[in-house]
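Taking it in order: structure first as structure tokens, then the write-up.
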Amino acid sequence: MARPTPLSGFPEWLPDGRVVEQHVLEALRRTFELHGFAGIETRAVEPLDQLLRKGETSKEVYVLRRLQAEEGEDASEKQLGLHFDLTVPFARYVLENAGRLAFPFKRYQIQKVWRGERPQEGRFREFVQADIDVVGAGELPYHYEVELPLVMAEALGSLRAIGVPEVRILVNNRKVAEGFYRGLGLDDVEGVLRQVDKLDKIGPDAVAELLVAEQGATPEQAKACLELAAISGTDASVVEQVRALAASYDAVTDLLETGLGELRALVEAAARRAPGVVVADLKIARGLDYYTGSVYETVLVGHEQLGSICSGGRYDTLASDGKNTYPGVGLSIGVSRLVSRLLSAGLVTATRGVPTAVLVAVTDEETREASDAVAAALRARGVPADVAPTAAKFGKQIKYADRRGIPFVWFPGEQDQVKDIRSGDQVDADATTWEPPAADLWPRVVPAGE
RNA sequence: GUGGCUAUAGCUCAGUCGGUAGAGCGCCUGGUUGUGGUCCAGGAGGUCGCCGGUUCAAGCCCGGUUAGCCACCCCA
């Protein structure tokens, strides 16, 4: 078979990259569980009509079909698509299991998702998301909108030790934006948000033009939108700035006041519990139209161009079965986006790509069993050990270990010896008692350069 | 979905005016008694993405196609 070419947008890591990814996944899972989130996994597919409820995303959904599907089979059976996020499957799961779940229900979910996008750096067609959501039955207290981003701050903060840069969680509140725009007399809130969202890419002048041309705003309304978008800060003073701005345009509404109250609570709590991490930023819009309260977007400091690595928000109707509605709030980390940057920018590295801590050399094939016995004795005590593939010259066997990052080579004999191939130190050793230093026992993930 | 760029050794790339293919790194072997990395010597490895056209002659020019990268869109 000819050598296959890589498929763009379907990332695969080499073993040492996988070590990094798994460390990240483990760290996230641990933080989520420390905060009481229960883990679930949902199937990879959902009925197509469920997936399409979000509207615009339809083009991105991969549909599933049997290769030999009969003509007309698709019509009689329910069409299936691969899920493109974890929120839609979760909503379906909540409805399906509502009678067996206890609300408010806190869950985390770490799975692959698929999107038919044009790939780019940090943008994939198959990638891993790590979601946390809290969903209530009928109602959901506001304080969860404060707590969830702080859980994510803690989860991402736990990765600082391996070299992950600082994060900044930018927050806004849909009620603030909507209340402000409506107060100005702009009723196409979605449209305005979409234009304002381009601020970082095309600049304020171009956004102002778009607001006038596309949204039918007056130049003064456009100016007000830009002034709102320019407000940001880490304390409650942003609330006063917004209120003053709205007053100056006579655009104060009840909705705006409600949103400002919520934003203030979030910023104040965050300032106490995770100082400097959460920043109120009134230009954060989020394209998704189902958010109804707080919205969140997270950037890696120094890697802002990568885009958001963790986003989410509050939605009043995560799910609804007609009789009951289930409001929720959640965030999702783009694990693949994060890990791909950690690896490509050389921020984080694994000490080795194989688990093996000790390579047991083979003197000759007649005594391979003795080498196997050494490896077995090491493994029995929890030391990952491998046996050399051939009884090649010891130089080659050492090289075999070196190329894989295996730190120790064991030489069986009258008196067994073990060599630390980094230092060259070689000492007598006994397979029933010898242990490598704790730091060498398993591969570790460390900041690059250490 | 729209637009731009690219495609040569395992990797990163060079290849002039169109004249049958190069470097560095990596890999293999050797430098005597079974201990790697440095150094030295030697070696293997290419359908120049694919299909067609122009030409005496194409890696190079032209058309198509596929794939990759980047930007837009959107988003993790």
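Simple scheme: letters A, B, ... for chains in structure tokens order, numbers from 1 for residues in each chain, numbers from 1 for ligands in the order shown.
Using only C-alpha atoms (C1' of nucleotides), the part of chain A that sits within 6 Å of chain B is made up of Ile309, Gly334, Lys393, Phe394, Gly395, Ile398 and Lys399 of chain A.
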Sorted per-residue table, segment 33-63 of chain B near segment 11-28 of chain B, closest atoms and distance, 8 Å, only C-alpha atoms (C1' of nucleotides), as a Markdown table:
```
| residue | atom | partner | partner_atom | distance |
| --- | --- | --- | --- | --- |
| B:G43 | C1' | B:C28 | C1' | 7.2 |
| B:A44 | C1' | B:C28 | C1' | 6.9 |
| B:A57 | C1' | B:G19 | C1' | 6.5 |
| B:A58 | C1' | B:G18 | C1' | 6.3 |
| B:C60 | C1' | B:G18 | C1' | 6.4 |
| B:C61 | C1' | B:G18 | C1' | 8.0 |
```
If you keep all heavy atoms, can you produce a file of those selected residues as a compact mmCIF listing (two decimals), in the first residue's frame?
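Result saved to selection-v6.txt:
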```txt
# COMPACT_ATOMS: atom_id res chain seq x y z
P G B 43 30.31 5.47 -0.69
OP1 G B 43 30.52 5.09 -2.11
OP2 G B 43 30.15 6.88 -0.32
O5' G B 43 29.07 4.65 -0.14
C5' G B 43 29.02 3.23 -0.28
C4' G B 43 27.83 2.67 0.45
O4' G B 43 27.87 3.07 1.85
C3' G B 43 26.47 3.17 -0.02
O3' G B 43 26.04 2.50 -1.19
C2' G B 43 25.59 2.86 1.19
O2' G B 43 25.27 1.48 1.25
C1' G B 43 26.54 3.18 2.35
N9 G B 43 26.34 4.54 2.89
C8 G B 43 27.15 5.63 2.73
N7 G B 43 26.70 6.69 3.35
C5 G B 43 25.53 6.26 3.95
C6 G B 43 24.60 6.97 4.76
O6 G B 43 24.63 8.15 5.13
N1 G B 43 23.53 6.15 5.16
C2 G B 43 23.39 4.84 4.82
N2 G B 43 22.31 4.22 5.29
N3 G B 43 24.25 4.16 4.07
C4 G B 43 25.29 4.94 3.67
P A B 44 24.98 3.18 -2.16
OP1 A B 44 25.03 2.46 -3.45
OP2 A B 44 25.17 4.64 -2.12
O5' A B 44 23.59 2.85 -1.46
C5' A B 44 23.20 1.49 -1.21
C4' A B 44 22.03 1.45 -0.27
O4' A B 44 22.38 2.11 0.97
C3' A B 44 20.81 2.23 -0.77
O3' A B 44 20.01 1.45 -1.64
C2' A B 44 20.09 2.55 0.54
O2' A B 44 19.35 1.44 1.01
C1' A B 44 21.26 2.80 1.48
N9 A B 44 21.61 4.22 1.61
C8 A B 44 22.60 4.91 0.98
N7 A B 44 22.68 6.18 1.32
C5 A B 44 21.65 6.32 2.24
C6 A B 44 21.20 7.43 2.98
N6 A B 44 21.74 8.65 2.91
N1 A B 44 20.14 7.25 3.80
C2 A B 44 19.59 6.02 3.87
N3 A B 44 19.94 4.90 3.23
C4 A B 44 20.98 5.12 2.42
P A B 57 10.38 16.06 -27.58
OP1 A B 57 9.60 14.84 -27.31
OP2 A B 57 9.70 17.34 -27.88
O5' A B 57 11.39 16.30 -26.36
C5' A B 57 12.12 15.20 -25.84
C4' A B 57 13.10 15.67 -24.79
O4' A B 57 14.00 16.64 -25.38
C3' A B 57 12.48 16.41 -23.61
O3' A B 57 11.99 15.51 -22.65
C2' A B 57 13.66 17.23 -23.10
O2' A B 57 14.53 16.44 -22.31
C1' A B 57 14.37 17.60 -24.40
N9 A B 57 14.01 18.93 -24.89
C8 A B 57 13.15 19.25 -25.90
N7 A B 57 13.04 20.53 -26.12
C5 A B 57 13.88 21.10 -25.19
C6 A B 57 14.22 22.44 -24.89
N6 A B 57 13.72 23.49 -25.55
N1 A B 57 15.10 22.66 -23.90
C2 A B 57 15.60 21.61 -23.24
N3 A B 57 15.37 20.31 -23.42
C4 A B 57 14.49 20.13 -24.42
P A B 58 10.69 15.84 -21.79
OP1 A B 58 10.40 14.70 -20.90
OP2 A B 58 9.67 16.31 -22.75
O5' A B 58 11.13 17.10 -20.93
C5' A B 58 12.20 17.00 -19.98
C4' A B 58 11.81 17.67 -18.69
O4' A B 58 11.42 19.02 -18.98
C3' A B 58 10.61 17.02 -18.00
O3' A B 58 10.74 17.21 -16.59
C2' A B 58 9.44 17.85 -18.49
O2' A B 58 8.35 17.85 -17.64
C1' A B 58 10.08 19.24 -18.57
N9 A B 58 9.44 20.14 -19.53
C8 A B 58 8.56 19.84 -20.53
N7 A B 58 8.15 20.87 -21.22
C5 A B 58 8.81 21.93 -20.64
C6 A B 58 8.81 23.32 -20.90
N6 A B 58 8.10 23.88 -21.88
N1 A B 58 9.58 24.10 -20.13
C2 A B 58 10.30 23.54 -19.15
N3 A B 58 10.38 22.24 -18.80
C4 A B 58 9.61 21.50 -19.59
P C B 60 7.99 20.15 -14.63
OP1 C B 60 6.52 20.28 -14.62
OP2 C B 60 8.68 19.56 -15.79
O5' C B 60 8.63 21.57 -14.37
C5' C B 60 8.29 22.33 -13.20
C4' C B 60 9.16 23.55 -13.14
O4' C B 60 10.55 23.14 -13.10
C3' C B 60 9.01 24.49 -14.33
O3' C B 60 9.10 25.83 -13.89
C2' C B 60 10.22 24.15 -15.19
O2' C B 60 10.67 25.23 -15.99
C1' C B 60 11.26 23.78 -14.14
N1 C B 60 12.27 22.85 -14.66
C2 C B 60 13.61 23.22 -14.65
O2 C B 60 13.93 24.32 -14.20
N3 C B 60 14.54 22.36 -15.15
C4 C B 60 14.15 21.19 -15.65
N4 C B 60 15.08 20.38 -16.13
C5 C B 60 12.78 20.79 -15.65
C6 C B 60 11.88 21.63 -15.16
P C B 61 7.74 26.67 -13.79
OP1 C B 61 8.10 28.01 -13.29
OP2 C B 61 6.74 25.85 -13.10
O5' C B 61 7.29 26.78 -15.32
C5' C B 61 7.73 27.84 -16.15
C4' C B 61 6.98 27.82 -17.45
O4' C B 61 7.54 26.77 -18.31
C3' C B 61 5.51 27.45 -17.35
O3' C B 61 4.71 28.58 -17.01
C2' C B 61 5.20 26.93 -18.75
O2' C B 61 5.05 27.99 -19.67
C1' C B 61 6.50 26.19 -19.07
N1 C B 61 6.44 24.75 -18.76
C2 C B 61 5.63 23.91 -19.55
O2 C B 61 4.98 24.41 -20.48
N3 C B 61 5.58 22.59 -19.28
C4 C B 61 6.29 22.09 -18.27
N4 C B 61 6.21 20.78 -18.04
C5 C B 61 7.11 22.91 -17.45
C6 C B 61 7.15 24.22 -17.73
```
Checklist entry - Pick the closest to Arg30 of chain A from A:Leu156, A:Leu150, A:Val279, A:Ala270: which is it, counting only C-alpha atoms? => result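 Among the listed residues, A:Leu156 lies closest to Arg30 of chain A.
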Checklist entry - At what distance in Å, to one decimal, does atom CA of Lys106 of chain A lie from atom CA of Tyr93 of chain A? => result 12.9 Å
Next on the checklist: So that I can see what lies close to Val339 of chain A, please list as a ChimeraX atom specification the residues with an atom at most 8 Å from it, counting only C-alpha atoms (C1' of nucleotides) and leaving out residues fewer than 5 positions away in the same chain.
Outcome noted: /A:20-21,24
Checklist entry - How many Å lie between atom CA of Gln397 of chain A and atom CA of Thr349 of chain A, rounded to one decimal? => result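 Straight-line distance from atom CA of Gln397 of chain A to atom CA of Thr349 of chain A works out to 24.8 Å.
Here atom CA of Asp205 of chain A and atom CA of Lys283 of chain A stand 14.7 Å from one another.
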Item to check | For G31 of chain B: contacts at 12 Å, only C-alpha atoms (C1' of nucleotides), fewer than 6 positions along chain excluded, given as a list in words | outcome: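 The filter keeps C39, C40, A41 and G42 of chain B.
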Okay, now the selection with all heavy atoms, as a PDB file, in the first residue's frame?
```
ATOM      1  P     C B  39      30.062  15.175  15.799  1.00  0.00           P
ATOM      2  OP1   C B  39      29.913  16.533  15.217  1.00  0.00           O
ATOM      3  OP2   C B  39      29.100  14.115  15.445  1.00  0.00           O
ATOM      4  O5'   C B  39      31.529  14.647  15.474  1.00  0.00           O
ATOM      5  C5'   C B  39      32.662  15.433  15.762  1.00  0.00           C
ATOM      6  C4'   C B  39      33.921  14.637  15.501  1.00  0.00           C
ATOM      7  O4'   C B  39      33.988  13.507  16.418  1.00  0.00           O
ATOM      8  C3'   C B  39      33.994  13.992  14.137  1.00  0.00           C
ATOM      9  O3'   C B  39      34.428  14.898  13.139  1.00  0.00           O
ATOM     10  C2'   C B  39      34.996  12.857  14.368  1.00  0.00           C
ATOM     11  O2'   C B  39      36.316  13.355  14.401  1.00  0.00           O
ATOM     12  C1'   C B  39      34.610  12.406  15.775  1.00  0.00           C
ATOM     13  N1    C B  39      33.659  11.271  15.752  1.00  0.00           N
ATOM     14  C2    C B  39      34.160   9.984  15.501  1.00  0.00           C
ATOM     15  O2    C B  39      35.381   9.842  15.313  1.00  0.00           O
ATOM     16  N3    C B  39      33.306   8.939  15.477  1.00  0.00           N
ATOM     17  C4    C B  39      32.002   9.138  15.685  1.00  0.00           C
ATOM     18  N4    C B  39      31.205   8.078  15.648  1.00  0.00           N
ATOM     19  C5    C B  39      31.466  10.431  15.927  1.00  0.00           C
ATOM     20  C6    C B  39      32.324  11.462  15.957  1.00  0.00           C
ATOM     21  P     C B  40      33.860  14.726  11.637  1.00  0.00           P
ATOM     22  OP1   C B  40      34.286  15.925  10.887  1.00  0.00           O
ATOM     23  OP2   C B  40      32.436  14.335  11.676  1.00  0.00           O
ATOM     24  O5'   C B  40      34.699  13.482  11.108  1.00  0.00           O
ATOM     25  C5'   C B  40      36.119  13.541  11.055  1.00  0.00           C
ATOM     26  C4'   C B  40      36.675  12.203  10.637  1.00  0.00           C
ATOM     27  O4'   C B  40      36.436  11.207  11.668  1.00  0.00           O
ATOM     28  C3'   C B  40      36.027  11.585   9.403  1.00  0.00           C
ATOM     29  O3'   C B  40      36.525  12.135   8.206  1.00  0.00           O
ATOM     30  C2'   C B  40      36.381  10.113   9.575  1.00  0.00           C
ATOM     31  O2'   C B  40      37.727   9.875   9.220  1.00  0.00           O
ATOM     32  C1'   C B  40      36.224   9.943  11.082  1.00  0.00           C
ATOM     33  N1    C B  40      34.881   9.464  11.441  1.00  0.00           N
ATOM     34  C2    C B  40      34.614   8.090  11.329  1.00  0.00           C
ATOM     35  O2    C B  40      35.514   7.348  10.922  1.00  0.00           O
ATOM     36  N3    C B  40      33.379   7.620  11.654  1.00  0.00           N
ATOM     37  C4    C B  40      32.451   8.475  12.077  1.00  0.00           C
ATOM     38  N4    C B  40      31.255   7.971  12.386  1.00  0.00           N
ATOM     39  C5    C B  40      32.694   9.877  12.194  1.00  0.00           C
ATOM     40  C6    C B  40      33.910  10.327  11.875  1.00  0.00           C
ATOM     41  P     A B  41      35.584  12.181   6.888  1.00  0.00           P
ATOM     42  OP1   A B  41      36.296  12.952   5.846  1.00  0.00           O
ATOM     43  OP2   A B  41      34.209  12.553   7.288  1.00  0.00           O
ATOM     44  O5'   A B  41      35.559  10.647   6.439  1.00  0.00           O
ATOM     45  C5'   A B  41      36.754  10.011   6.000  1.00  0.00           C
ATOM     46  C4'   A B  41      36.503   8.551   5.743  1.00  0.00           C
ATOM     47  O4'   A B  41      36.151   7.878   6.975  1.00  0.00           O
ATOM     48  C3'   A B  41      35.321   8.237   4.817  1.00  0.00           C
ATOM     49  O3'   A B  41      35.638   8.406   3.452  1.00  0.00           O
ATOM     50  C2'   A B  41      35.026   6.789   5.192  1.00  0.00           C
ATOM     51  O2'   A B  41      35.979   5.915   4.612  1.00  0.00           O
ATOM     52  C1'   A B  41      35.237   6.827   6.704  1.00  0.00           C
ATOM     53  N9    A B  41      33.971   7.091   7.415  1.00  0.00           N
ATOM     54  C8    A B  41      33.507   8.270   7.935  1.00  0.00           C
ATOM     55  N7    A B  41      32.330   8.180   8.508  1.00  0.00           N
ATOM     56  C5    A B  41      31.992   6.844   8.333  1.00  0.00           C
ATOM     57  C6    A B  41      30.863   6.098   8.708  1.00  0.00           C
ATOM     58  N6    A B  41      29.818   6.620   9.362  1.00  0.00           N
ATOM     59  N1    A B  41      30.838   4.786   8.385  1.00  0.00           N
ATOM     60  C2    A B  41      31.884   4.258   7.735  1.00  0.00           C
ATOM     61  N3    A B  41      32.995   4.864   7.336  1.00  0.00           N
ATOM     62  C4    A B  41      32.990   6.166   7.661  1.00  0.00           C
ATOM     63  P     G B  42      34.458   8.792   2.411  1.00  0.00           P
ATOM     64  OP1   G B  42      35.093   8.946   1.079  1.00  0.00           O
ATOM     65  OP2   G B  42      33.664   9.891   2.985  1.00  0.00           O
ATOM     66  O5'   G B  42      33.536   7.503   2.392  1.00  0.00           O
ATOM     67  C5'   G B  42      33.938   6.356   1.629  1.00  0.00           C
ATOM     68  C4'   G B  42      33.109   5.157   1.998  1.00  0.00           C
ATOM     69  O4'   G B  42      32.967   5.063   3.438  1.00  0.00           O
ATOM     70  C3'   G B  42      31.661   5.152   1.513  1.00  0.00           C
ATOM     71  O3'   G B  42      31.537   4.849   0.138  1.00  0.00           O
ATOM     72  C2'   G B  42      31.052   4.084   2.419  1.00  0.00           C
ATOM     73  O2'   G B  42      31.470   2.789   2.013  1.00  0.00           O
ATOM     74  C1'   G B  42      31.729   4.419   3.750  1.00  0.00           C
ATOM     75  N9    G B  42      30.879   5.340   4.529  1.00  0.00           N
ATOM     76  C8    G B  42      31.068   6.665   4.794  1.00  0.00           C
ATOM     77  N7    G B  42      30.101   7.181   5.516  1.00  0.00           N
ATOM     78  C5    G B  42      29.214   6.127   5.717  1.00  0.00           C
ATOM     79  C6    G B  42      27.988   6.070   6.414  1.00  0.00           C
ATOM     80  O6    G B  42      27.398   6.974   7.016  1.00  0.00           O
ATOM     81  N1    G B  42      27.419   4.802   6.377  1.00  0.00           N
ATOM     82  C2    G B  42      27.979   3.716   5.733  1.00  0.00           C
ATOM     83  N2    G B  42      27.294   2.572   5.797  1.00  0.00           N
ATOM     84  N3    G B  42      29.129   3.760   5.085  1.00  0.00           N
ATOM     85  C4    G B  42      29.688   4.983   5.111  1.00  0.00           C
TER      86        G B  42
END
```
Checklist entry - Which of segment 211-427 of chain A counts as alpha helix (DSSP H) under DSSP, as number ranges by chain please? => result A: 211-215, 219-229, 237-248, 254-273, 335-344, 368-380, 394-404
Next on the checklist: Can you pull out every residue from segment 94-224 of chain A that DSSP, working from the backbone, puts in strand (DSSP E or B), and format the result as a VMD selection string?
Outcome noted: chain A and resid 105 to 114 120 123 126 to 135 167 to 173
Checklist entry - Near segment 318-324 of chain A, counting only C-alpha atoms (C1' of nucleotides), which residues have an atom at most 9 Å away, once you skip same-chain residues fewer than 6 positions from it, shown as an MDAnalysis selection string? => result chainID A and resid 87:88 90:92 94:95 135 137:138 290
Hey, can you spit out that residue selection with all heavy atoms as a CSV table (one decimal), in the first residue's frame?
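Everything below was put into result-v2.csv:
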```
chain,number,residue,atom,x,y,z
A,87,THR,N,-22.9,19.6,23.9
A,87,THR,CA,-24.1,20.3,24.6
A,87,THR,C,-25.4,19.7,24.1
A,87,THR,O,-26.3,19.3,24.8
A,87,THR,CB,-24.1,21.8,24.3
A,87,THR,OG1,-22.8,22.3,24.8
A,87,THR,CG2,-25.2,22.5,25.1
A,88,VAL,N,-25.5,19.5,22.7
A,88,VAL,CA,-26.7,19.0,22.1
A,88,VAL,C,-26.9,17.5,22.6
A,88,VAL,O,-28.0,17.2,23.1
A,88,VAL,CB,-26.6,19.1,20.6
A,88,VAL,CG1,-27.7,18.2,20.0
A,88,VAL,CG2,-26.7,20.5,20.2
A,90,PHE,N,-25.9,16.2,25.3
A,90,PHE,CA,-26.2,16.3,26.8
A,90,PHE,C,-27.7,16.7,27.0
A,90,PHE,O,-28.3,16.2,27.9
A,90,PHE,CB,-25.3,17.3,27.4
A,90,PHE,CG,-25.5,17.5,28.9
A,90,PHE,CD1,-25.6,16.4,29.8
A,90,PHE,CD2,-25.7,18.7,29.4
A,90,PHE,CE1,-25.9,16.5,31.1
A,90,PHE,CE2,-26.0,18.9,30.8
A,90,PHE,CZ,-26.0,17.8,31.6
A,91,ALA,N,-28.1,17.7,26.2
A,91,ALA,CA,-29.5,18.1,26.3
A,91,ALA,C,-30.4,16.9,26.1
A,91,ALA,O,-31.4,16.7,26.8
A,91,ALA,CB,-29.8,19.2,25.4
A,92,ARG,N,-30.2,16.1,25.1
A,92,ARG,CA,-31.0,15.0,24.8
A,92,ARG,C,-30.9,14.0,25.9
A,92,ARG,O,-31.9,13.4,26.3
A,92,ARG,CB,-30.4,14.4,23.4
A,92,ARG,CG,-31.3,13.3,22.8
A,92,ARG,CD,-30.8,11.9,23.3
A,92,ARG,NE,-29.4,11.7,23.0
A,92,ARG,CZ,-28.7,10.8,23.7
A,92,ARG,NH1,-29.2,10.1,24.6
A,92,ARG,NH2,-27.4,10.7,23.5
A,94,VAL,N,-30.3,14.5,29.0
A,94,VAL,CA,-31.0,15.0,30.2
A,94,VAL,C,-32.5,14.7,30.0
A,94,VAL,O,-33.2,14.2,31.0
A,94,VAL,CB,-30.8,16.5,30.4
A,94,VAL,CG1,-31.8,17.1,31.4
A,94,VAL,CG2,-29.4,16.8,30.9
A,95,LEU,N,-33.1,15.0,28.9
A,95,LEU,CA,-34.5,14.7,28.7
A,95,LEU,C,-34.8,13.2,28.8
A,95,LEU,O,-35.7,12.8,29.4
A,95,LEU,CB,-34.9,15.2,27.3
A,95,LEU,CG,-35.0,16.7,27.1
A,95,LEU,CD1,-35.4,17.0,25.6
A,95,LEU,CD2,-35.9,17.3,28.1
A,135,VAL,N,-27.2,21.7,35.1
A,135,VAL,CA,-28.5,21.9,34.5
A,135,VAL,C,-29.5,21.7,35.6
A,135,VAL,O,-29.4,20.9,36.5
A,135,VAL,CB,-28.8,20.9,33.4
A,135,VAL,CG1,-28.7,19.4,33.8
A,135,VAL,CG2,-30.1,21.1,32.7
A,137,ALA,N,-33.8,21.8,36.9
A,137,ALA,CA,-35.1,21.4,36.4
A,137,ALA,C,-36.0,22.6,36.7
A,137,ALA,O,-36.3,23.0,37.8
A,137,ALA,CB,-35.6,20.2,37.1
A,138,GLY,N,-36.4,23.3,35.6
A,138,GLY,CA,-37.3,24.5,35.8
A,138,GLY,C,-36.5,25.8,36.1
A,138,GLY,O,-36.7,26.8,35.5
A,290,TYR,N,-28.2,30.8,21.4
A,290,TYR,CA,-29.0,30.2,22.5
A,290,TYR,C,-28.5,30.7,23.8
A,290,TYR,O,-29.1,30.4,24.8
A,290,TYR,CB,-29.0,28.7,22.4
A,290,TYR,CG,-27.7,28.1,22.2
A,290,TYR,CD1,-26.8,27.9,23.3
A,290,TYR,CD2,-27.3,27.6,21.0
A,290,TYR,CE1,-25.6,27.3,23.1
A,290,TYR,CE2,-26.1,26.9,20.8
A,290,TYR,CZ,-25.2,26.8,21.8
A,290,TYR,OH,-24.0,26.2,21.6
```
